[in-house]
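Here the structure comes first, spelled out in structure tokens, and everything after it is commentary.
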Amino acid sequence: MSILIGILGILALIGIAWLMSNDKKNINFRAVGIMLAVQLFIAWFMLNTSVGQKVLHHIVNVFNKVLSFGNEGIAFVFGDLAGKNFFFVNVLMMIIFVSALLSILTYLRILPLAIKYIGGAVAKITGLPKIESFVAVNSMIFGDTTAILSVKSQLHKLTPNRLFIVVTSSLVAVSCSILGAYMQMIPAEYVLVALPINVFSGLILSSMVCPVSKEEDEEIDIKEMIPEKSLFEAIGNGALIGGKTALIVGALLITYIGLLAMINFGLENLVGMTFQEIIGYIFAPIAYIMGIPASEILRSGSIMGTKVAANEFVAMLDFMKIIPDMSPKTVGIVSAFLVSFANFSSVGIVLGTVQAINEEQAGRLAKVFLKVLLVATLGSVLTGTIVGLFL
């Protein structure tokens with residue numbers, strides 16, 4: 001029954017995207033079908049086959065080994081504080097080390113070339129333009145703002161529909177620099193499974209809502225992704241960017257958790273319910289069509305709503321507390337949903353990034369920012385639903 005509900009949920013998401021489309025006649029249903037098939041294959045292979053499970057287990061072990069190297073640096077700087085479950089020390093500080101590693105791989109042209117050719121392969125398979133495919137794949141590694149900056153020279157050429165796809169697909173993804181932080185809060189295997197599936201979730205729904213043709217295409221220049229002139233400059237810049245990211249995440253968590261506590265105080269006195277409980281009822285139907293058991297949809301909906309209203313870190317911190325009480329299927333679905341930047345604060349950050357590059361495009365984007373957030377959130381719902389089919 002849960003599989004049937006999940007299938008109906010996927011069809012409902014496709015139907016919503018079709019209803020929202022501003023050019024229904026030009027929707028590339030072939031591309032949608034291919035991308036959906038790729039998503040289903042990835043989820044099936046990684047979650048339901050012995051080979052896929054071994055591959056996934058090996059990748060998790062590699063990530064854990066890399067994180068252990070980062071812990072050496074954290075232990076040296078923070079001494080006895082390391083390993084005592086301080087969120088800032090054990091979770092956020094890992095962002096610095098991973099960010100520096102990504103910067104090294106970028107300087108060596110390993111990541112830029114991989115992103116270019118994987119994005120090109122996605123474009124060929126699906127029939128979507130290279131820019132949109134490139135940004136979607138780039139976002140999986142570097143996150144939304146960096147992915148958009150990497151195509152800044154082409155941004156002014158993008159039509160409103162192409163701009164919508166670029167921004168929306170970037171929000172469905174996350175940056176690998178914070179994967180280490182995620183993997184210390186929710187099951188690592190679902191973080192890794194969600195990464196590639198997110199690429200296609202964002203492209204499927206955004207390209208249906210705002211269709212484009214492959215004729216509107218440009219070549220990708222990877223030089224824009226490599227600003228550093230030396231390896232040591234790359235290491236330094238990567239560490240500084242990671243440190244800035246860690247501080248921003250920490251500042252946002254202090255703000256959002258403090259505001260939630262204040263809001264909950266008022267709501268409990270007024271209506272006897274917390275913000276999380278109220279939003280749980282709003283998101284419960286969404287949780288149900290994703291295949292989450294009826295007995296767990298309220299708590300799951302609460303986590304999902306918190307993620308959209310605040311950010312994924314706040315939601316993951318709440319989710320950590322209830323994971324032991326939830327079914328494995330629910331843990332997998334909610335975890336996959338949480339691995340994205342689709343929330344109000346991220347839309348604001350992306351809008352600011354576009355504003356810094358091109359004010360005219362930022363003006364167009366500001367008019368549809370709620371639509372961008374809605375479609376990006378539906379992309380996260382699609383990822384969670386597909387993962388749920390194989391649990």
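Here's how to read the names in the structure tokens: chain A, B, ... by the order shown, residue numbers from 1 in each chain, ligand numbers from 1 in the order shown.
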Write out as a PyMOL selection string each polymer residue whose atoms come within 9 Å of A:Ala309, counting only C-alpha atoms; drop sequence neighbours fewer than 2 positions from it. chain A and resi 304-307+311+343-345
Skip A:Asp144 itself and residues of its chain fewer than 6 positions away, then list as a VMD selection string all residues within 12 Å of it, counting only C-alpha atoms. chain A and resid 134 to 138 150 to 151 166 to 177 199 202 340 to 342 346 to 354 376
Please write the residues from the selection above to a file, keeping C-alpha atoms, as a CSV table (one decimal), in the first residue's frame.
```
chain,number,residue,atom,x,y,z
A,134,PHE,CA,25.7,22.2,-15.5
A,135,VAL,CA,24.3,24.2,-12.6
A,136,ALA,CA,22.3,21.3,-11.3
A,137,VAL,CA,25.3,19.0,-11.2
A,138,ASN,CA,27.5,21.9,-9.9
A,150,SER,CA,30.2,29.7,-12.0
A,151,VAL,CA,27.9,30.8,-14.9
A,166,VAL,CA,18.9,27.5,-12.9
A,167,VAL,CA,17.9,29.0,-9.5
A,168,THR,CA,15.3,26.4,-8.6
A,169,SER,CA,17.4,23.3,-9.4
A,170,SER,CA,20.3,24.9,-7.4
A,171,LEU,CA,18.1,25.1,-4.3
A,172,VAL,CA,17.1,21.4,-4.4
A,173,ALA,CA,20.8,20.5,-4.1
A,174,VAL,CA,23.3,21.0,-1.2
A,175,SER,CA,27.0,21.7,-1.0
A,176,CYS,CA,29.4,18.8,-0.4
A,177,SER,CA,31.2,21.1,2.0
A,199,VAL,CA,19.9,16.8,-9.3
A,202,GLY,CA,15.1,20.0,-9.4
A,340,SER,CA,18.4,20.3,0.2
A,341,PHE,CA,18.6,24.1,0.5
A,342,ALA,CA,14.9,24.6,-0.3
A,346,SER,CA,18.4,30.1,1.1
A,347,VAL,CA,16.1,31.8,-1.5
A,348,GLY,CA,17.1,35.1,0.0
A,349,ILE,CA,20.8,34.2,-0.2
A,350,VAL,CA,20.4,33.2,-3.9
A,351,LEU,CA,18.5,36.3,-4.7
A,352,GLY,CA,21.3,38.4,-3.2
A,353,THR,CA,23.8,36.4,-5.3
A,354,VAL,CA,21.9,37.1,-8.5
A,376,ALA,CA,12.2,23.6,-5.0
```
Two-atom distance - atom CA of A:Phe142, atom CA of A:Leu203 (Å):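 Interatomic distance, atom CA of A:Phe142 to atom CA of A:Leu203: 17.0 Å.
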Give the answer as one residue: which of A:Arg30, A:Arg109, A:Lys157, A:Lys25 has the shortest atom-to-atom distance to A:Thr126, using only C-alpha atoms?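 Among A:Arg30, A:Arg109, A:Lys157, A:Lys25, it is A:Arg30 that comes nearest to A:Thr126.
Using only C-alpha atoms, the smallest distance between any of A:Asn22, A:Arg299, A:Met35, A:Ala12 and A:Lys371 comes from A:Asn22.
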